[in-house]
Every structure is written in C-alpha cells, then in structure tokens.
Amino acid sequence: MTTDFPSFHKNLISALILVILIPFCIGAQHKLPISRIDSVFNDVNQTGSPGCALLIIQNDEVVYSRGYGYANLDYEIPIDSGTVMYLGSVTKQFVAAAILKASLQGYLTLDDDIRKWIPEFPEYSNVISVSHLIYHTSGIRDELQLRAVANLPEDITRKEIIELLVRQKKLNFEPGEQELYSNGGYLLLIEILERATGMTMQAYLRQEFFKPLGMNSAGFGPYQGAIPQSSYGFVSVKDNFIRKAHVGNAPGVRMNISDLGRWMVALEGDNLSSKGFKDLQLQRGILNNGDTTDYAFGLNVMKQGGLPLISHGGAGMGYRTAMGIYPENNLAICTICNLSNLDAVQLNRRVSEILLEDELGPDEDAASYEKYRKPWPAPDGEPLKLSKEELTEFSGNYYAPELNVIFKVETEADFLKVGPEGWMRPMLATSKSDQFNSSRAWAQINFIRNEKGVITGFTMNIGRVNGLIMERISHSDYSNIAKYK
C-alpha cells in the first residue's frame, strides 16, 4: 500500500536529500541561533569522541541538520545526517503503528486476548488485551529488568525472552489498574504482529511504512551484512570509549536521522496511512477507573512548559535517542547519539528551550517527565546498621523459579551482597524488619519467615518488576538446579 503525499512532503524529501549532501549549510538562511544550538553538543563535538546527530524541522522543512563527533572511532568517520544508528525505545512507536495498521487491515483486533496469539502465555485472573500492551497497562513485568537482575546474556533470543515472560507467576498489577512502562509488553506485540500477519516485523514495516515514505536507511532488527554509513555505539568508562557490540537479535529499529525526520513529518501530517490514522495513534490509554494516561501508541502525549508535546526517548547498545514534536509550533526536533553516557532526551529539550524560549512557560509536567526517566523506587525507611552476626541468618542460596537462576546472599561488613554470581549488589537494612534496599534504590527485598521464624525466602521489587519470588535452598539443592544457559 502506498501513500499519496501532498507536494510539501515531496519538497521535504528533496530537502532531506540536500541535508545529507550539505549537512552544515542548512539553517543559517533561517536565522537560527546556530552557535547556541551547537553549544548544547560542545562536550562531544571534538575529534576522537562519539557524539550525536541533530535534526530540526520547522513548518515541514528541514532548517538545520548537523553531526557532532564520530560514528566510527577506528576510521575517524564523522557523524552526519546519513549515519545509521539504533533508536532504542523510539522503536515502540513503529511497533505500535504496525499493530494499529494490522488491526485496520483485519489481521487482529486491539481487544484480542493476547493468548489468542500467544497461547503459551499464562492465564492470569483477568484478560490481558493487545491494547493493554500498547498502553503499558498490562501489568506484565519489564523484560529488560528481569534480564538485568538475573544477569542473563545480552544475546538472549526473543524466543528465550518469551519463555522468561511465560515463567512469571504474577503480574505487577491487574490489567488496566495502572500504567507502568514494560519492554516485555512491546516485545510481545512484535511476536503478535508476526503471528497474526505471517510476516516478519522487518518485512511489514518495510512494506507498509518505510518504502512508501522513502525511508531507505530504515530497518528492524540486527544488521545483516554491510549497511552503508553504519555506526557503533559506545560507553565511556574512565575517559575511555568502549565500543558496544551489535547484539545479533536486537528487536529495534535502526535508521539515519533524515529518515527519522521523514517519519516525524508524516506522523504530524497524518500521512503514515489513511486519513485519521494519526488521531488513532494519539489516543491515550484509559485505566479501569476512567483516568487517562499520558501514553498513546508508543508515544508520550504531554506538555512542556504549557506547550503540547508528542515525544519519546530510547536507549540501547550504546545509543541514546529522543524525538519531540510541538504541533502548535510546527516544530520537530530529534537527536540520536552513539554514546550511552549522554542523555539525548535532555539534549533535545535544551535545543527546544533555545528555539521556544519566548513561548515556554513553567514546566508543570516535569513530574510526568521525571516518571518517564526514573523508574527506580525510592528506599523505604532510613538505612539501619546491623552487625555481621545479625546479618548472618539472611545469608545463603536462593532459587528464583521465575528467572531460573540462583541468587546468593552473603554478608560483608554491615550490609548484604545479593544477586546471581558475577552480578551481586550491596543491600542495606531499612527501619522495617527484614527489609533491605540497595544504596542506589534500584531494588528492594523483603525476607519471608515461616511460623517458627526461620527465613524461607524473599521477594524482590526492582521498579518495573514487583514481587519476584526467591526460595531458600540447601547446598545440595543448589547443585541440582541447572543455571540459565
């Protein structure tokens, strides 16, 4: 299916091609505060550093595009508007758009029980629908946090991740009761799309969106063979840039910033599909109590300083991404970085604050923004000093059936070390009996005792995963349980 674009969208495509050829000349003609914009990226705009690509669109026209830093440090290849990078969770709007279009084509419905398409999934007390996954209201635990706390390998396959989600005994909450960001839910949407249409997500996105929009650099999933102008993601460790591997099964969208600009213009202009598609995409979730969430189809629908904003951020494999559309201001800004230490969302907002400084008011939606950026729980109670002798009764081996890994609890000085071997973290006692929190508030554990007061296990909360079960086991049990491979 192709899309018939108005002439101004055809002009945009020509402008984007020009940006690729002359990435540093656009913008001056529009009297943008170039030096102030460039100063946002001063830290990475230097030789030998990974960096970012920036694209600014005003009234459907590219008015500025520039690369800062390098896409490939080995060959000193600079970032420009043609550099292909991973988008991280900005991928969610592509997945959600694919699900929405497939529903309009009759492949599935948004009200479908997800077990219609994934029958191996547990049957919880209430039905989880496709729309629950879209709006992060399913209660399904976040698969990235499950993998992190279990110290599972980065190259775990989608099949193995689904098996991990199937092993979960509980949801974070009943479907529709709350909104809590879940990468697990969106991974299931990918699986549902492929089972319902019989096409891979890559093929479906290519057919329905990428090809009609002329997004020639765009793809879904891992690199397959040589990709022109590809890049590497990096992490900075003690002033050294460490290259991150391209994970072979990465379920994410990759493209250059020019193609992301094409997508944003088509989204705002309601040219992704048939007319009215945008209105469906921007419908926000509704909780069981009737409250409306700020999350739509893979997009945050919110405000910044009183101005309507459609946005999302993403991270993964050393990349950080942010996109923002200000519909009342006919402005779109996107930033893609290949250094995980950078906060692309903040960089994007700083550029917006320069361009909209005369129109932005107090940021009343800062709390919503913080909720999106900081999923970790705050510690309950003040840290409590326990002696090593008092901590000894908690030490031992614990089996996590939902993760299929062994957790070790060891005493050290006045705190516990908790986690799978090779990824143990310090936990401090709180003022609440048998409760421990990590010093950085990434996790909380509550030990469980039987009627005789003997510790039999503990539960763990890690922000987007609540109530993980850990069962205390003897040394002989430990030797008989196969670790995750």
# chains A, B, ... in the order shown; residues from 1 in each chain; ligands from 1
>>> residues_around(residues="Met427 of chain A", least_positions_apart="4", cutoff="12 Å", atoms="only C-alpha atoms", output="VMD selection string")
chain A and resid 379 383 to 386 391 394 409 to 419 434 to 446 460
>>> closest_residue(among="A:Glu471, A:Leu54, A:Asn42, A:Pro119", to="Val345 of chain A", atoms="only C-alpha atoms")
A:Leu54
>>> select_by_dssp(residues="segment 47-180 of chain A", states="strand (DSSP E or B)", output="list in words")
Pro50, Cys52, Ala53, Leu54, Leu55, Ile56, Ile57, Gln58, Glu61, Val62, Val63, Tyr64, Ser65, Arg66, Gly67, Tyr68, Tyr70, Ala71, Asn72, Ile77, Pro78, Val84, Met85, Tyr86, Asp113 and Ser129 of chain A
>>> closest_residue(among="A:Lys116, A:Arg158, A:Arg349, A:Arg320", to="Tyr186 of chain A", atoms="only C-alpha atoms")
A:Arg158
>>> select_by_dssp(residues="segment 261-403 of chain A", states="helix (DSSP H, G or I)", output="PyMOL selection string")
chain A and resi 261-268+277-281+327-329+344-355+366-373+388-394
>>> atom_distance(atom1="atom CA of Arg284 of chain A", atom2="atom CA of Leu299 of chain A")
9.0 Å
>>> closest_atom_pairs(of="segment 309-362 of chain A", to="segment 249-267 of chain A", cutoff="12 Å", atoms="only C-alpha atoms", output="JSON lines")
{"residue": "A:Ile310", "atom": "CA", "partner": "A:Met264", "partner_atom": "CA", "distance": 10.0}
{"residue": "A:Ser311", "atom": "CA", "partner": "A:Met264", "partner_atom": "CA", "distance": 10.2}
{"residue": "A:His312", "atom": "CA", "partner": "A:Met264", "partner_atom": "CA", "distance": 11.6}
{"residue": "A:Gly314", "atom": "CA", "partner": "A:Gly252", "partner_atom": "CA", "distance": 10.1}
{"residue": "A:Ala315", "atom": "CA", "partner": "A:Gly252", "partner_atom": "CA", "distance": 10.2}
{"residue": "A:Gly316", "atom": "CA", "partner": "A:Gly252", "partner_atom": "CA", "distance": 9.1}
{"residue": "A:Met317", "atom": "CA", "partner": "A:Ala250", "partner_atom": "CA", "distance": 8.8}
{"residue": "A:Tyr319", "atom": "CA", "partner": "A:Arg254", "partner_atom": "CA", "distance": 10.5}
{"residue": "A:Arg320", "atom": "CA", "partner": "A:Arg254", "partner_atom": "CA", "distance": 11.9}
{"residue": "A:Thr321", "atom": "CA", "partner": "A:Ile257", "partner_atom": "CA", "distance": 9.9}
{"residue": "A:Ala322", "atom": "CA", "partner": "A:Leu260", "partner_atom": "CA", "distance": 10.5}
{"residue": "A:Met323", "atom": "CA", "partner": "A:Met264", "partner_atom": "CA", "distance": 8.4}
{"residue": "A:Gly324", "atom": "CA", "partner": "A:Met264", "partner_atom": "CA", "distance": 8.7}
{"residue": "A:Ile325", "atom": "CA", "partner": "A:Met264", "partner_atom": "CA", "distance": 7.5}
{"residue": "A:Tyr326", "atom": "CA", "partner": "A:Met264", "partner_atom": "CA", "distance": 10.8}
{"residue": "A:Pro327", "atom": "CA", "partner": "A:Val265", "partner_atom": "CA", "distance": 10.5}
{"residue": "A:Asn330", "atom": "CA", "partner": "A:Val265", "partner_atom": "CA", "distance": 9.8}
{"residue": "A:Leu331", "atom": "CA", "partner": "A:Val265", "partner_atom": "CA", "distance": 9.6}
{"residue": "A:Ala332", "atom": "CA", "partner": "A:Met264", "partner_atom": "CA", "distance": 7.3}
{"residue": "A:Ile333", "atom": "CA", "partner": "A:Gly261", "partner_atom": "CA", "distance": 8.3}
{"residue": "A:Cys334", "atom": "CA", "partner": "A:Ile257", "partner_atom": "CA", "distance": 7.5}
{"residue": "A:Thr335", "atom": "CA", "partner": "A:Ile257", "partner_atom": "CA", "distance": 7.6}
{"residue": "A:Ile336", "atom": "CA", "partner": "A:Ile257", "partner_atom": "CA", "distance": 7.1}
{"residue": "A:Cys337", "atom": "CA", "partner": "A:Ile257", "partner_atom": "CA", "distance": 10.2}
{"residue": "A:Asn338", "atom": "CA", "partner": "A:Asn256", "partner_atom": "CA", "distance": 11.9}
>>> closest_residue(among="A:Thr430, A:Gln346, A:Thr137, A:Ser129", to="Asp291 of chain A", atoms="only C-alpha atoms")
A:Thr137
>>> residues_around(residues="segment 97-113 of chain A", least_positions_apart="3", cutoff="7 Å", atoms="only C-alpha atoms", output="MDAnalysis selection string")
chainID A and resid 93:94 116 127:131 193 196:197 205 297
>>> closest_residue(among="A:Thr91, A:Asn172, A:Ser138, A:Ser230", to="Met201 of chain A", atoms="only C-alpha atoms")
A:Thr91
>>> closest_residue(among="A:Tyr204, A:Tyr86, A:Phe220, A:Tyr124", to="Phe173 of chain A", atoms="only C-alpha atoms")
A:Tyr124
>>> closest_residue(among="A:Ile114, A:Leu307, A:Val63, A:Ile57", to="Asp358 of chain A", atoms="only C-alpha atoms")
A:Leu307
>>> residues_around(residues="Glu177 of chain A", least_positions_apart="4", cutoff="12 Å", atoms="only C-alpha atoms", output="CSV table (one decimal) with N, CA, C and O atoms, in the first residue's frame")
chain,number,residue,atom,x,y,z
A,126,ASN,N,-7.4,-12.0,35.1
A,126,ASN,CA,-8.1,-11.1,34.2
A,126,ASN,C,-7.4,-11.2,32.8
A,126,ASN,O,-6.2,-11.4,32.7
A,128,ILE,N,-5.6,-10.1,29.5
A,128,ILE,CA,-4.7,-9.0,29.0
A,128,ILE,C,-4.9,-8.9,27.5
A,128,ILE,O,-4.8,-9.8,26.7
A,132,HIS,N,-3.8,-3.3,26.1
A,132,HIS,CA,-3.1,-3.2,27.4
A,132,HIS,C,-1.6,-3.2,27.2
A,132,HIS,O,-0.9,-2.4,27.8
A,135,TYR,N,-0.5,0.4,25.8
A,135,TYR,CA,-0.6,1.5,26.7
A,135,TYR,C,0.2,1.2,28.0
A,135,TYR,O,0.2,2.0,28.9
A,136,HIS,N,1.0,0.1,28.1
A,136,HIS,CA,1.8,-0.2,29.3
A,136,HIS,C,0.8,-0.4,30.5
A,136,HIS,O,1.2,0.0,31.6
A,137,THR,N,-0.3,-0.9,30.3
A,137,THR,CA,-1.3,-1.1,31.4
A,137,THR,C,-1.6,-2.6,31.6
A,137,THR,O,-2.5,-2.9,32.3
A,138,SER,N,-0.7,-3.4,31.1
A,138,SER,CA,-0.9,-4.9,31.2
A,138,SER,C,-0.6,-5.5,32.5
A,138,SER,O,-1.1,-6.5,32.9
A,139,GLY,N,0.4,-4.8,33.2
A,139,GLY,CA,0.9,-5.4,34.4
A,139,GLY,C,2.1,-6.4,34.2
A,139,GLY,O,2.7,-6.9,35.1
A,140,ILE,N,2.4,-6.7,32.9
A,140,ILE,CA,3.5,-7.6,32.6
A,140,ILE,C,4.8,-7.0,32.9
A,140,ILE,O,5.1,-5.8,32.7
A,171,LEU,N,1.6,-10.8,37.9
A,171,LEU,CA,1.7,-9.5,37.2
A,171,LEU,C,2.1,-8.5,38.2
A,171,LEU,O,2.0,-8.7,39.4
A,172,ASN,N,2.6,-7.3,37.7
A,172,ASN,CA,2.8,-6.2,38.7
A,172,ASN,C,1.5,-5.7,39.3
A,172,ASN,O,1.5,-5.2,40.4
A,173,PHE,N,0.5,-5.8,38.5
A,173,PHE,CA,-0.9,-5.3,38.9
A,173,PHE,C,-1.9,-5.9,38.0
A,173,PHE,O,-1.5,-6.5,36.9
A,285,GLY,N,-4.2,5.9,26.7
A,285,GLY,CA,-4.8,4.8,27.4
A,285,GLY,C,-5.8,5.3,28.5
A,285,GLY,O,-5.6,6.4,29.0
A,286,ILE,N,-6.7,4.4,28.8
A,286,ILE,CA,-7.7,4.7,29.8
A,286,ILE,C,-7.7,3.6,30.8
A,286,ILE,O,-7.8,2.4,30.5
A,287,LEU,N,-7.5,3.9,32.1
A,287,LEU,CA,-7.4,3.0,33.2
A,287,LEU,C,-8.8,2.5,33.5
A,287,LEU,O,-9.8,3.1,33.1
A,288,ASN,N,-8.9,1.4,34.3
A,288,ASN,CA,-10.1,0.9,34.7
A,288,ASN,C,-11.0,1.9,35.5
A,288,ASN,O,-12.2,1.8,35.5
A,289,ASN,N,-10.4,2.8,36.2
A,289,ASN,CA,-11.1,3.8,37.0
A,289,ASN,C,-11.5,5.0,36.1
A,289,ASN,O,-12.1,6.0,36.6
A,290,GLY,N,-11.2,5.0,34.8
A,290,GLY,CA,-11.6,6.1,33.9
A,290,GLY,C,-10.5,7.2,33.7
A,290,GLY,O,-10.7,8.0,32.9
A,291,ASP,N,-9.4,7.1,34.5
A,291,ASP,CA,-8.4,8.1,34.3
A,291,ASP,C,-7.6,7.8,33.0
A,291,ASP,O,-7.5,6.7,32.6
A,292,THR,N,-7.1,8.9,32.4
A,292,THR,CA,-6.4,8.8,31.2
A,292,THR,C,-4.9,8.9,31.4
A,292,THR,O,-4.5,9.7,32.2
A,293,THR,N,-4.2,8.0,30.8
A,293,THR,CA,-2.7,8.1,30.9
A,293,THR,C,-2.1,9.1,29.9
A,293,THR,O,-2.8,9.6,29.1
>>> atom_distance(atom1="atom CA of Ala53 of chain A", atom2="atom CA of Thr83 of chain A")
8.1 Å
